[in-house]
>>> print(open('work21.txt').read())   # compact mmCIF, C-alpha atoms (C1' of nucleotides)
# COMPACT_ATOMS: atom_id res chain seq x y z
CA MET A 1 109.82 92.87 132.75
CA THR A 2 109.74 93.61 129.09
CA SER A 3 107.12 90.95 128.45
CA GLN A 4 104.54 93.72 128.41
CA ARG A 5 105.32 94.95 124.94
CA ALA A 6 105.32 98.65 124.53
CA TYR A 7 103.20 100.19 121.86
CA HIS A 8 106.32 101.18 120.04
CA HIS A 9 108.61 98.32 119.24
CA GLY A 10 111.78 100.31 119.38
CA ASP A 11 113.45 99.12 116.23
CA LEU A 12 110.85 97.23 114.29
CA ARG A 13 112.49 97.98 110.99
CA ARG A 14 115.68 96.22 111.98
CA ALA A 15 113.78 93.38 113.65
CA VAL A 16 111.75 92.71 110.51
CA LEU A 17 114.84 92.89 108.32
CA THR A 18 116.69 90.42 110.51
CA ALA A 19 113.78 88.02 110.65
CA ALA A 20 113.36 88.29 106.88
CA LEU A 21 117.02 87.47 106.34
CA ASP A 22 116.63 84.39 108.50
CA VAL A 23 113.64 83.17 106.55
CA ILE A 24 115.22 83.87 103.17
CA ARG A 25 118.42 82.16 104.22
CA ASP A 26 116.73 78.81 104.53
CA SER A 27 113.53 79.11 102.54
CA GLY A 28 114.35 81.63 99.87
CA PRO A 29 112.34 84.78 99.15
CA ALA A 30 109.36 82.58 98.23
CA GLY A 31 109.01 81.45 101.82
CA LEU A 32 108.69 84.98 103.04
CA SER A 33 105.44 86.24 104.54
CA LEU A 34 104.99 89.74 105.89
CA ARG A 35 102.44 88.50 108.38
CA ASP A 36 104.81 85.85 109.63
CA LEU A 37 107.54 88.45 110.09
CA ALA A 38 105.09 90.57 112.04
CA ARG A 39 104.27 87.62 114.29
CA ARG A 40 107.95 86.96 114.91
CA ALA A 41 108.48 90.56 115.91
CA GLY A 42 105.39 90.44 118.11
CA VAL A 43 103.54 93.23 116.33
CA SER A 44 100.32 93.44 114.39
CA HIS A 45 100.15 92.10 110.88
CA ALA A 46 100.16 95.50 109.25
CA ALA A 47 103.00 97.04 111.22
CA PRO A 48 105.81 96.09 108.81
CA ALA A 49 104.01 97.83 105.98
CA HIS A 50 104.58 101.12 107.69
CA HIS A 51 108.34 100.68 107.35
CA PHE A 52 108.56 98.98 103.97
CA LYS A 53 105.28 99.79 102.23
CA ASP A 54 104.92 96.26 100.87
CA ARG A 55 106.72 93.04 100.03
CA ALA A 56 108.70 94.57 97.21
CA GLY A 57 109.69 97.40 99.50
CA LEU A 58 111.09 95.02 102.10
CA LEU A 59 113.05 93.08 99.52
CA THR A 60 114.31 96.28 97.96
CA ALA A 61 115.59 97.43 101.33
CA ILE A 62 117.38 94.10 101.76
CA ALA A 63 118.94 94.35 98.31
CA ALA A 64 120.12 97.89 98.96
CA GLU A 65 121.66 96.86 102.27
CA GLY A 66 123.29 93.95 100.47
CA TYR A 67 124.88 96.13 97.81
CA GLY A 68 126.20 98.36 100.53
CA LEU A 69 127.73 95.45 102.39
CA LEU A 70 129.22 94.10 99.19
CA ALA A 71 130.75 97.44 98.28
CA ASP A 72 132.34 97.62 101.73
CA ALA A 73 133.65 94.07 101.46
CA LEU A 74 135.16 94.67 98.05
CA ALA A 75 136.70 97.98 99.06
CA GLU A 76 138.73 96.23 101.73
CA ALA A 77 140.48 93.97 99.25
CA PRO A 78 143.81 95.17 97.86
CA GLU A 79 143.76 93.60 94.39
CA LEU A 80 141.62 91.69 91.94
CA ARG A 81 142.06 88.11 92.98
CA GLU A 82 141.43 88.96 96.60
CA ARG A 83 138.35 90.88 95.50
CA GLY A 84 137.00 87.72 93.95
CA VAL A 85 137.59 85.89 97.19
CA ARG A 86 135.70 88.61 99.03
CA TYR A 87 132.84 88.24 96.59
CA VAL A 88 132.66 84.54 97.39
CA ARG A 89 132.97 85.21 101.10
CA PHE A 90 130.18 87.76 100.90
CA CYS A 91 127.76 85.30 99.35
CA ARG A 92 128.45 82.86 102.18
CA GLU A 93 128.19 85.39 104.98
CA HIS A 94 125.12 87.10 103.54
CA PRO A 95 123.34 84.47 101.47
CA ALA A 96 119.93 86.07 101.90
CA HIS A 97 121.17 89.47 100.76
CA PHE A 98 122.94 87.86 97.83
CA GLN A 99 119.88 85.98 96.64
CA VAL A 100 117.65 89.02 96.78
CA MET A 101 120.19 91.33 95.15
CA PHE A 102 120.06 89.24 92.01
CA ALA A 103 116.32 88.69 91.88
CA PRO A 104 115.33 91.90 90.05
CA GLU A 105 111.74 90.79 89.46
CA LEU A 106 111.17 90.95 93.21
CA LEU A 107 112.55 94.47 93.60
CA ARG A 108 111.57 98.03 92.90
CA THR A 109 114.52 98.50 90.58
CA ASP A 110 114.07 102.25 90.38
CA ASP A 111 114.36 102.80 94.12
CA PRO A 112 116.89 105.59 94.75
CA GLU A 113 118.57 103.91 97.71
CA LEU A 114 118.90 100.69 95.79
CA LEU A 115 120.37 102.47 92.78
CA ALA A 116 122.86 104.35 94.92
CA ALA A 117 124.11 101.24 96.71
CA ARG A 118 124.18 99.33 93.46
CA THR A 119 126.26 102.02 91.82
CA ARG A 120 128.70 102.05 94.69
CA ALA A 121 129.16 98.28 94.45
CA GLY A 122 129.48 98.53 90.68
CA GLU A 123 132.33 101.01 91.05
CA GLN A 124 134.17 98.63 93.34
CA LEU A 125 133.71 95.82 90.85
CA ARG A 126 135.00 97.90 87.98
CA ALA A 127 137.94 99.16 89.99
CA GLY A 128 139.10 95.58 90.38
CA ALA A 129 138.69 94.88 86.68
CA GLY A 130 140.97 97.81 85.89
CA ASP A 131 143.83 96.10 87.70
CA LEU A 132 143.34 93.02 85.59
CA ALA A 133 143.35 94.81 82.27
CA VAL A 134 146.76 96.27 83.10
CA SER A 135 148.42 93.09 84.25
CA GLU A 136 146.77 91.14 81.49
CA ARG A 137 148.54 92.60 78.42
CA GLY A 138 146.13 95.50 77.95
CA GLU A 139 143.07 93.61 76.85
CA ASP A 140 139.70 95.25 76.80
CA ALA A 141 139.13 96.18 80.42
CA GLY A 142 135.41 95.67 80.09
CA LEU A 143 135.84 92.15 78.82
CA ALA A 144 138.30 91.21 81.53
CA GLY A 145 135.96 92.65 84.11
CA VAL A 146 133.05 90.63 82.81
CA ALA A 147 135.24 87.52 82.90
CA ALA A 148 136.23 88.05 86.49
CA TRP A 149 132.74 88.94 87.61
CA SER A 150 131.25 85.96 85.78
CA LEU A 151 133.70 83.59 87.38
CA ALA A 152 133.14 84.88 90.89
CA HIS A 153 129.40 85.21 90.46
CA GLY A 154 129.01 81.78 88.92
CA PHE A 155 131.06 80.17 91.65
CA ALA A 156 129.10 81.99 94.33
CA THR A 157 125.75 81.14 92.81
CA LEU A 158 126.55 77.48 92.29
CA LEU A 159 127.90 77.33 95.81
CA LEU A 160 124.72 78.72 97.35
CA GLY A 161 122.64 76.41 95.19
CA ARG A 162 124.50 73.46 96.68
CA ASN A 163 125.78 72.53 93.25
CA LEU A 164 129.44 72.30 94.23
CA GLU A 165 129.29 69.98 97.21
CA GLU A 166 130.53 66.94 95.36
CA PRO A 167 133.33 68.60 93.36
CA LEU A 168 134.51 70.57 96.39
CA ALA A 169 134.51 67.49 98.58
CA GLY A 170 134.51 69.42 101.81
CA ARG A 171 137.32 71.79 100.90
CA ASP A 172 137.07 75.40 101.93
CA PRO A 173 135.26 77.22 99.11
CA GLU A 174 137.42 80.32 99.34
CA GLU A 175 140.56 78.25 99.04
CA VAL A 176 139.18 76.43 96.03
CA PHE A 177 138.25 79.71 94.44
CA ARG A 178 141.80 80.94 94.93
CA ASP A 179 143.06 77.86 93.11
CA LEU A 180 140.53 78.52 90.40
CA THR A 181 141.77 82.02 89.73
CA GLY A 182 145.31 80.67 89.78
CA LEU A 183 144.34 78.21 87.10
CA LEU A 184 142.67 80.74 84.85
CA PHE A 185 144.57 83.95 85.31
CA GLN A 186 147.93 82.30 84.80
CA GLY A 187 149.59 85.47 83.58
CA SER A 188 149.43 87.55 86.73
CA MET B 1 83.70 75.75 66.23
CA THR B 2 85.97 74.77 69.02
CA SER B 3 84.71 77.57 71.22
CA GLN B 4 82.61 74.98 73.04
CA ARG B 5 85.40 73.52 75.07
CA ALA B 6 85.34 69.80 75.49
CA TYR B 7 85.41 68.35 78.94
CA HIS B 8 88.85 67.01 78.27
CA HIS B 9 91.36 69.61 77.27
CA GLY B 10 93.46 67.35 75.12
CA ASP B 11 96.89 68.30 76.38
CA LEU B 12 96.40 70.32 79.50
CA ARG B 13 99.73 69.31 80.91
CA ARG B 14 101.60 70.84 78.01
CA ALA B 15 99.33 73.87 77.93
CA VAL B 16 99.94 74.60 81.60
CA LEU B 17 103.67 74.10 81.22
CA THR B 18 103.83 76.46 78.27
CA ALA B 19 101.76 79.11 80.02
CA ALA B 20 103.91 78.75 83.13
CA LEU B 21 107.08 79.23 81.11
CA ASP B 22 105.62 82.41 79.63
CA VAL B 23 104.78 83.81 83.04
CA ILE B 24 108.12 82.88 84.56
CA ARG B 25 109.98 84.32 81.60
CA ASP B 26 108.81 87.81 82.39
CA SER B 27 107.69 87.73 86.00
CA GLY B 28 109.85 85.05 87.54
CA PRO B 29 108.57 82.08 89.53
CA ALA B 30 107.13 84.48 92.10
CA GLY B 31 104.58 85.75 89.61
CA LEU B 32 103.25 82.30 88.99
CA SER B 33 99.71 81.37 90.06
CA LEU B 34 98.18 77.97 89.43
CA ARG B 35 94.74 79.49 89.23
CA ASP B 36 95.92 81.98 86.66
CA LEU B 37 97.42 79.20 84.57
CA ALA B 38 94.14 77.34 84.79
CA ARG B 39 92.29 80.42 83.54
CA ARG B 40 94.70 80.80 80.63
CA ALA B 41 94.11 77.19 79.66
CA GLY B 42 90.36 77.65 80.04
CA VAL B 43 89.95 74.97 82.68
CA SER B 44 88.78 74.95 86.26
CA HIS B 45 91.09 76.20 88.97
CA ALA B 46 91.92 72.76 90.28
CA ALA B 47 92.60 71.03 86.98
CA PRO B 48 96.36 71.69 86.89
CA ALA B 49 96.74 70.01 90.26
CA HIS B 50 95.78 66.71 88.70
CA HIS B 51 98.84 66.85 86.45
CA PHE B 52 101.36 68.41 88.80
CA LYS B 53 99.99 67.81 92.29
CA ASP B 54 100.89 71.30 93.44
CA ARG B 55 103.05 74.34 92.79
CA ALA B 56 106.28 72.56 93.65
CA GLY B 57 105.27 69.74 91.36
CA LEU B 58 104.81 72.07 88.42
CA LEU B 59 108.13 73.77 89.02
CA THR B 60 109.84 70.42 89.45
CA ALA B 61 108.46 69.28 86.10
CA ILE B 62 109.81 72.45 84.52
CA ALA B 63 113.22 71.95 86.08
CA ALA B 64 113.37 68.34 84.93
CA GLU B 65 112.43 69.36 81.40
CA GLY B 66 115.08 72.05 81.59
CA TYR B 67 117.84 69.67 82.60
CA GLY B 68 116.82 67.40 79.75
CA LEU B 69 117.00 70.24 77.25
CA LEU B 70 120.34 71.35 78.65
CA ALA B 71 121.78 67.85 78.43
CA ASP B 72 120.70 67.65 74.79
CA ALA B 73 122.15 71.06 74.01
CA LEU B 74 125.50 70.21 75.61
CA ALA B 75 125.67 66.81 73.94
CA GLU B 76 125.58 68.47 70.54
CA ALA B 77 128.71 70.50 71.18
CA PRO B 78 132.02 68.97 70.08
CA GLU B 79 134.41 70.40 72.65
CA LEU B 80 134.59 72.37 75.86
CA ARG B 81 134.53 75.94 74.67
CA GLU B 82 131.62 75.28 72.39
CA ARG B 83 129.87 73.61 75.29
CA GLY B 84 130.16 76.82 77.26
CA VAL B 85 128.63 78.70 74.37
CA ARG B 86 125.75 76.23 74.33
CA TYR B 87 125.27 76.77 78.03
CA VAL B 88 124.93 80.49 77.44
CA ARG B 89 122.65 79.91 74.45
CA PHE B 90 120.50 77.62 76.53
CA CYS B 91 119.91 80.22 79.20
CA ARG B 92 118.78 82.69 76.55
CA GLU B 93 116.52 80.29 74.70
CA HIS B 94 115.01 78.81 77.86
CA PRO B 95 115.28 81.51 80.50
CA ALA B 96 112.32 80.23 82.48
CA HIS B 97 113.69 76.71 82.64
CA PHE B 98 117.08 78.05 83.62
CA GLN B 99 115.73 80.14 86.46
CA VAL B 100 113.71 77.31 87.91
CA MET B 101 116.49 74.75 87.55
CA PHE B 102 118.65 76.73 89.92
CA ALA B 103 115.99 77.59 92.48
CA PRO B 104 116.18 74.43 94.61
CA GLU B 105 113.97 75.81 97.38
CA LEU B 106 111.06 75.82 94.92
CA LEU B 107 111.54 72.22 93.84
CA ARG B 108 110.95 68.74 95.13
CA THR B 109 114.65 67.93 94.93
CA ASP B 110 114.12 64.23 95.49
CA ASP B 111 111.82 63.78 92.51
CA PRO B 112 113.06 60.80 90.44
CA GLU B 113 112.51 62.44 87.06
CA LEU B 114 114.30 65.55 88.20
CA LEU B 115 117.22 63.55 89.55
CA ALA B 116 117.51 61.53 86.35
CA ALA B 117 117.53 64.58 84.09
CA ARG B 118 119.89 66.38 86.44
CA THR B 119 122.30 63.46 86.38
CA ARG B 120 122.24 63.31 82.61
CA ALA B 121 123.04 67.02 82.38
CA GLY B 122 125.76 66.61 84.99
CA GLU B 123 127.43 63.92 82.94
CA GLN B 124 127.50 66.19 79.93
CA LEU B 125 129.04 68.95 82.01
CA ARG B 126 131.71 66.67 83.39
CA ALA B 127 132.47 65.23 79.97
CA GLY B 128 133.38 68.70 78.80
CA ALA B 129 135.57 69.31 81.80
CA GLY B 130 137.57 66.19 81.00
CA ASP B 131 138.65 67.71 77.71
CA LEU B 132 139.94 70.73 79.54
CA ALA B 133 141.97 68.83 82.06
CA VAL B 134 143.82 67.14 79.23
CA SER B 135 144.58 70.21 77.20
CA GLU B 136 145.36 72.16 80.35
CA ARG B 137 148.57 70.41 81.47
CA GLY B 138 146.83 67.72 83.52
CA GLU B 139 145.45 69.86 86.30
CA ASP B 140 142.82 68.51 88.62
CA ALA B 141 139.92 67.74 86.31
CA GLY B 142 137.40 68.58 88.98
CA LEU B 143 138.85 72.00 89.57
CA ALA B 144 139.00 72.80 85.87
CA GLY B 145 135.42 71.68 85.52
CA VAL B 146 134.30 73.91 88.35
CA ALA B 147 136.14 76.79 86.74
CA ALA B 148 134.47 76.29 83.38
CA TRP B 149 131.05 75.77 84.88
CA SER B 150 131.41 78.79 87.14
CA LEU B 151 132.40 80.99 84.24
CA ALA B 152 129.53 79.88 82.01
CA HIS B 153 127.00 79.87 84.81
CA GLY B 154 128.03 83.25 86.11
CA PHE B 155 127.91 84.78 82.65
CA ALA B 156 124.51 83.22 81.99
CA THR B 157 123.09 84.32 85.33
CA LEU B 158 124.35 87.87 85.06
CA LEU B 159 123.04 88.02 81.52
CA LEU B 160 119.53 86.97 82.49
CA GLY B 161 119.60 89.38 85.41
CA ARG B 162 120.29 92.20 82.96
CA ASN B 163 123.57 92.90 84.67
CA LEU B 164 125.69 92.84 81.53
CA GLU B 165 123.81 95.25 79.31
CA GLU B 166 126.21 98.12 79.77
CA PRO B 167 129.48 96.15 79.50
CA LEU B 168 128.22 94.18 76.49
CA ALA B 169 127.05 97.34 74.73
CA GLY B 170 124.73 95.51 72.40
CA ARG B 171 127.22 92.88 71.29
CA ASP B 172 126.04 89.33 70.83
CA PRO B 173 126.42 87.59 74.19
CA GLU B 174 127.58 84.32 72.70
CA GLU B 175 130.30 86.09 70.79
CA VAL B 176 131.42 87.94 73.89
CA PHE B 177 131.49 84.69 75.82
CA ARG B 178 133.69 83.18 73.15
CA ASP B 179 136.12 86.07 73.58
CA LEU B 180 135.94 85.54 77.31
CA THR B 181 137.01 81.94 77.11
CA GLY B 182 139.74 82.94 74.69
CA LEU B 183 141.00 85.40 77.24
CA LEU B 184 141.01 82.95 80.14
CA PHE B 185 141.85 79.61 78.62
CA GLN B 186 144.82 80.95 76.73
CA GLY B 187 146.53 77.59 76.58
CA SER B 188 144.10 75.64 74.45
C1' DG C 1 78.70 47.26 75.05
C1' DC C 2 80.38 47.94 79.68
C1' DC C 3 83.31 49.32 83.16
C1' DC C 4 87.04 51.71 85.13
C1' DA C 5 90.48 54.98 85.60
C1' DA C 6 92.04 59.28 84.02
C1' DT C 7 90.55 63.87 83.58
C1' DC C 8 88.18 67.74 84.88
C1' DT C 9 84.58 70.54 87.88
C1' DA C 10 82.69 72.56 92.09
C1' DG C 11 82.95 74.05 96.65
C1' DG C 12 85.26 75.18 100.74
C1' DC C 13 88.95 76.65 104.10
C1' DA C 14 93.03 78.81 105.89
C1' DT C 15 96.54 82.10 104.68
C1' DT C 16 98.25 86.01 102.54
C1' DG C 17 99.09 90.95 100.66
C1' DA C 18 97.21 95.24 100.46
C1' DC C 19 94.29 98.91 101.86
C1' DA C 20 91.56 102.06 105.01
C1' DA C 21 90.54 104.07 109.32
C1' DG C 22 91.36 104.61 113.97
C1' DT C 23 94.58 104.64 118.30
C1' DT C 24 98.72 105.42 120.93
C1' DT C 25 103.03 107.55 121.75
C1' DG C 26 107.04 110.43 121.63
C1' DC C 27 109.04 114.73 120.43
C1' DG C 28 109.70 119.43 119.07
C1' DT C 29 107.97 123.86 120.06
C1' DA C 30 105.99 127.69 122.22
C1' DT D 1 105.42 122.44 131.19
C1' DA D 2 101.64 121.83 128.11
C1' DC D 3 100.25 121.30 123.46
C1' DG D 4 99.87 119.57 119.04
C1' DC D 5 101.34 116.84 115.42
C1' DA D 6 103.44 113.27 112.95
C1' DA D 7 105.29 108.80 113.30
C1' DA D 8 104.40 104.17 114.83
C1' DC D 9 101.29 100.73 115.53
C1' DT D 10 96.42 98.25 115.65
C1' DT D 11 92.13 96.51 113.94
C1' DG D 12 89.13 95.26 110.39
C1' DT D 13 88.28 94.07 105.74
C1' DC D 14 88.61 92.29 100.84
C1' DA D 15 90.14 89.80 96.96
C1' DA D 16 93.30 86.29 95.57
C1' DT D 17 95.72 82.12 96.20
C1' DG D 18 97.10 77.12 97.38
C1' DC D 19 95.41 73.02 98.58
C1' DC D 20 91.95 69.58 99.93
C1' DT D 21 87.66 66.77 99.25
C1' DA D 22 83.83 65.08 96.76
C1' DG D 23 81.52 64.58 92.61
C1' DA D 24 80.77 64.71 87.37
C1' DT D 25 82.32 63.41 82.66
C1' DT D 26 84.74 61.02 79.30
C1' DG D 27 87.46 57.83 76.51
C1' DG D 28 89.82 53.50 76.01
C1' DG D 29 90.52 48.63 77.03
C1' DC D 30 88.34 44.17 77.98
>>> encode(input="work21.txt", output="structure tokens")
Amino acid sequence: MTSQRAYHHGDLRRAVLTAALDVIRDSGPAGLSLRDLARRAGVSHAAPAHHFKDRAGLLTAIAAEGYGLLADALAEAPELRERGVRYVRFCREHPAHFQVMFAPELLRTDDPELLAARTRAGEQLRAGAGDLAVSERGEDAGLAGVAAWSLAHGFATLLLGRNLEEPLAGRDPEEVFRDLTGLLFQGS
Amino acid sequence: MTSQRAYHHGDLRRAVLTAALDVIRDSGPAGLSLRDLARRAGVSHAAPAHHFKDRAGLLTAIAAEGYGLLADALAEAPELRERGVRYVRFCREHPAHFQVMFAPELLRTDDPELLAARTRAGEQLRAGAGDLAVSERGEDAGLAGVAAWSLAHGFATLLLGRNLEEPLAGRDPEEVFRDLTGLLFQGS
DNA sequence: GCCCAATCTAGGCATTGACAAGTTTGCGTA
DNA sequence: TACGCAAACTTGTCAATGCCTAGATTGGGC
């Protein structure tokens, strides 16, 4: 019987992270309570603090994990358009991570782990933009990158905010996004 | 001397809204406290509740106001590209409104005033998309609209999240966005 | 001039985040 | 194997907050 909880949880850090992701997924970061997460994990109310220091620490850890996952997802994609699709897929598979990643006022933005993961993801984003600048008659690579990122990020954000339900009319978001890039990046 | 506050504030509703917008502008909705707003307005801690019911009510009022302002801003613009520029301008001039408008988990999404303002803004958005579908060889108007909205929304969101500081390198965001649309909507 | 409803105050309760101090446990080391 | 120490967790506490209820004040309409 494991009902008799041991003094040591085993992997409380992961348990709290997972529970937090659940809560954020359907209530947003605002619905998050450290004490509630502790209850869910079956530990005392102050236990999570030992792993994350405080609320901002927990959210920072989530953001860092998210940037890592995003970097991995982008790295798998061969070229720019597919990278955009991966971006959209990422926001659907990891909506909680995605939300927190782009809520800087909730994070400790100078956290080393966060910065490292963020940099890694940024490199993957810029790598994709490079492709575009070449195919797209040598325009400013930075500008093209911003365009592509804006498009993917806007689509992802609106999607998570349930703002595209009517226009999408039940179609698969990734498929629609593919059409979108086809519409805009006609040259490629 | 007005230092002797009257029992009635005069325009507490507006005062609380304004103070809330200030707080949200630089701390996000998470940093918002009704009691703090009451203190700033010099009233008792429960006074704001009479105007907004609760936290969600206040944020809903802000979102509704935001959609109204956005609808007005979009209505002024003659054609699609300029409408995108207005969208970006709006997010810079009313960052607090913008943030709250797209944080549905903080709002009472069935509030009549919110729905009305939201609908009005939606019409303005769709009106712009119609223009595009015509100029853009008759493609699905819905898809083109989603593309334009995604681009503007993504740019705006990344801008507010301070994610474009390096790529923009101090350039005026609106100007950059104009270039962006020029790059993507080559046909027009 | 009076009454009523809108506006604001005062008090209270449950919940939360953060902190401090103490307890238990596992693990490396001698 | 025994020891000691640091990591992991608990318990208790405090100030702050959201929200509720009941009561006080005020101004405008009849």
>>> interface_residues(input="work21.txt", of="chain A", to="chain D", cutoff="12 Å", atoms="only C-alpha atoms (C1' of nucleotides)", output="list in words")
Arg5, Ala6, Tyr7, His8, His9, Gly10, Asp11, Leu12, Arg13, Ala38, Gly42, Val43, Ser44, His45, Ala46, Ala47, Pro48, Ala49, His50 and His51 of chain A
>>> closest_residue(input="work21.txt", among="B:Thr18, B:Arg39, B:Ala30, B:Ala147", to="Leu107 of chain A", atoms="all atoms listed in the file")
B:Ala30
>>> interface_residues(input="work21.txt", of="chain C", to="chain B", cutoff="9 Å", atoms="only C-alpha atoms (C1' of nucleotides)", output="list of chain:residue names")
C:DT7, C:DC8, C:DT9, C:DA10
>>> interface_residues(input="work21.txt", of="chain A", to="chain B", cutoff="8 Å", atoms="only C-alpha atoms", output="PyMOL selection string")
chain A and resi 27-28+30+102-106+142-144+146-147+149-155+157-158+161+164+167+176+180+183-185
>>> write_last_selection(input="work21.txt", atoms="C-alpha atoms", output="JSON list (two decimals), keeping the file's coordinate frame")
[["chain", "number", "residue", "atom", "x", "y", "z"],
["A", 27, "SER", "CA", 113.53, 79.11, 102.54],
["A", 28, "GLY", "CA", 114.35, 81.63, 99.87],
["A", 30, "ALA", "CA", 109.36, 82.58, 98.23],
["A", 102, "PHE", "CA", 120.06, 89.24, 92.01],
["A", 103, "ALA", "CA", 116.32, 88.69, 91.88],
["A", 104, "PRO", "CA", 115.33, 91.90, 90.05],
["A", 105, "GLU", "CA", 111.74, 90.79, 89.46],
["A", 106, "LEU", "CA", 111.17, 90.95, 93.21],
["A", 142, "GLY", "CA", 135.41, 95.67, 80.09],
["A", 143, "LEU", "CA", 135.84, 92.15, 78.82],
["A", 144, "ALA", "CA", 138.30, 91.21, 81.53],
["A", 146, "VAL", "CA", 133.05, 90.63, 82.81],
["A", 147, "ALA", "CA", 135.24, 87.52, 82.90],
["A", 149, "TRP", "CA", 132.74, 88.94, 87.61],
["A", 150, "SER", "CA", 131.25, 85.96, 85.78],
["A", 151, "LEU", "CA", 133.70, 83.59, 87.38],
["A", 152, "ALA", "CA", 133.14, 84.88, 90.89],
["A", 153, "HIS", "CA", 129.40, 85.21, 90.46],
["A", 154, "GLY", "CA", 129.01, 81.78, 88.92],
["A", 155, "PHE", "CA", 131.06, 80.17, 91.65],
["A", 157, "THR", "CA", 125.75, 81.14, 92.81],
["A", 158, "LEU", "CA", 126.55, 77.48, 92.29],
["A", 161, "GLY", "CA", 122.64, 76.41, 95.19],
["A", 164, "LEU", "CA", 129.44, 72.30, 94.23],
["A", 167, "PRO", "CA", 133.33, 68.60, 93.36],
["A", 176, "VAL", "CA", 139.18, 76.43, 96.03],
["A", 180, "LEU", "CA", 140.53, 78.52, 90.40],
["A", 183, "LEU", "CA", 144.34, 78.21, 87.10],
["A", 184, "LEU", "CA", 142.67, 80.74, 84.85],
["A", 185, "PHE", "CA", 144.57, 83.95, 85.31]]
>>> residues_around(input="work21.txt", residues="Glu113 of chain B", least_positions_apart="5", cutoff="12 Å", atoms="all atoms listed in the file", output="ChimeraX atom specification")
/B:57,60-68,107-108,118-120
>>> atom_distance(input="work21.txt", atom1="atom CA of Ala41 of chain B", atom2="atom CA of Ala15 of chain B")
6.4 Å
>>> atom_distance(input="work21.txt", atom1="atom CA of Arg35 of chain A", atom2="atom CA of Arg14 of chain A")
15.7 Å
>>> decode(input="work21.txt", residues="segment 49-61 of chain B", atoms="N, CA and C atoms", output="short mmCIF file (atom, residue, chain, number, x, y, z; two decimals), in the first residue's frame")
data_model
loop_
_atom_site.label_atom_id
_atom_site.label_comp_id
_atom_site.auth_asym_id
_atom_site.auth_seq_id
_atom_site.Cartn_x
_atom_site.Cartn_y
_atom_site.Cartn_z
N ALA B 49 -16.43 47.70 -5.29
CA ALA B 49 -17.32 46.57 -5.54
C ALA B 49 -18.71 47.03 -5.95
N HIS B 50 -19.11 48.19 -5.45
CA HIS B 50 -20.43 48.69 -5.78
C HIS B 50 -20.56 49.03 -7.26
N HIS B 51 -19.43 49.38 -7.88
CA HIS B 51 -19.47 49.75 -9.30
C HIS B 51 -19.18 48.58 -10.21
N PHE B 52 -18.41 47.63 -9.72
CA PHE B 52 -17.96 46.55 -10.60
C PHE B 52 -18.29 45.16 -10.07
N LYS B 53 -18.96 45.09 -8.95
CA LYS B 53 -19.32 43.80 -8.36
C LYS B 53 -18.10 43.08 -7.79
N ASP B 54 -17.17 42.73 -8.64
CA ASP B 54 -15.96 42.06 -8.16
C ASP B 54 -14.83 42.23 -9.19
N ARG B 55 -13.76 41.53 -8.92
CA ARG B 55 -12.57 41.63 -9.77
C ARG B 55 -12.89 41.36 -11.23
N ALA B 56 -13.59 40.28 -11.48
CA ALA B 56 -13.96 39.92 -12.86
C ALA B 56 -14.81 41.02 -13.49
N GLY B 57 -15.65 41.63 -12.68
CA GLY B 57 -16.49 42.70 -13.18
C GLY B 57 -15.67 43.89 -13.64
N LEU B 58 -14.70 44.25 -12.85
CA LEU B 58 -13.81 45.36 -13.22
C LEU B 58 -13.08 45.06 -14.52
N LEU B 59 -12.51 43.88 -14.59
CA LEU B 59 -11.75 43.51 -15.78
C LEU B 59 -12.67 43.42 -17.00
N THR B 60 -13.87 42.95 -16.80
CA THR B 60 -14.83 42.88 -17.90
C THR B 60 -15.16 44.28 -18.41
N ALA B 61 -15.33 45.21 -17.48
CA ALA B 61 -15.60 46.60 -17.88
C ALA B 61 -14.44 47.15 -18.70
#
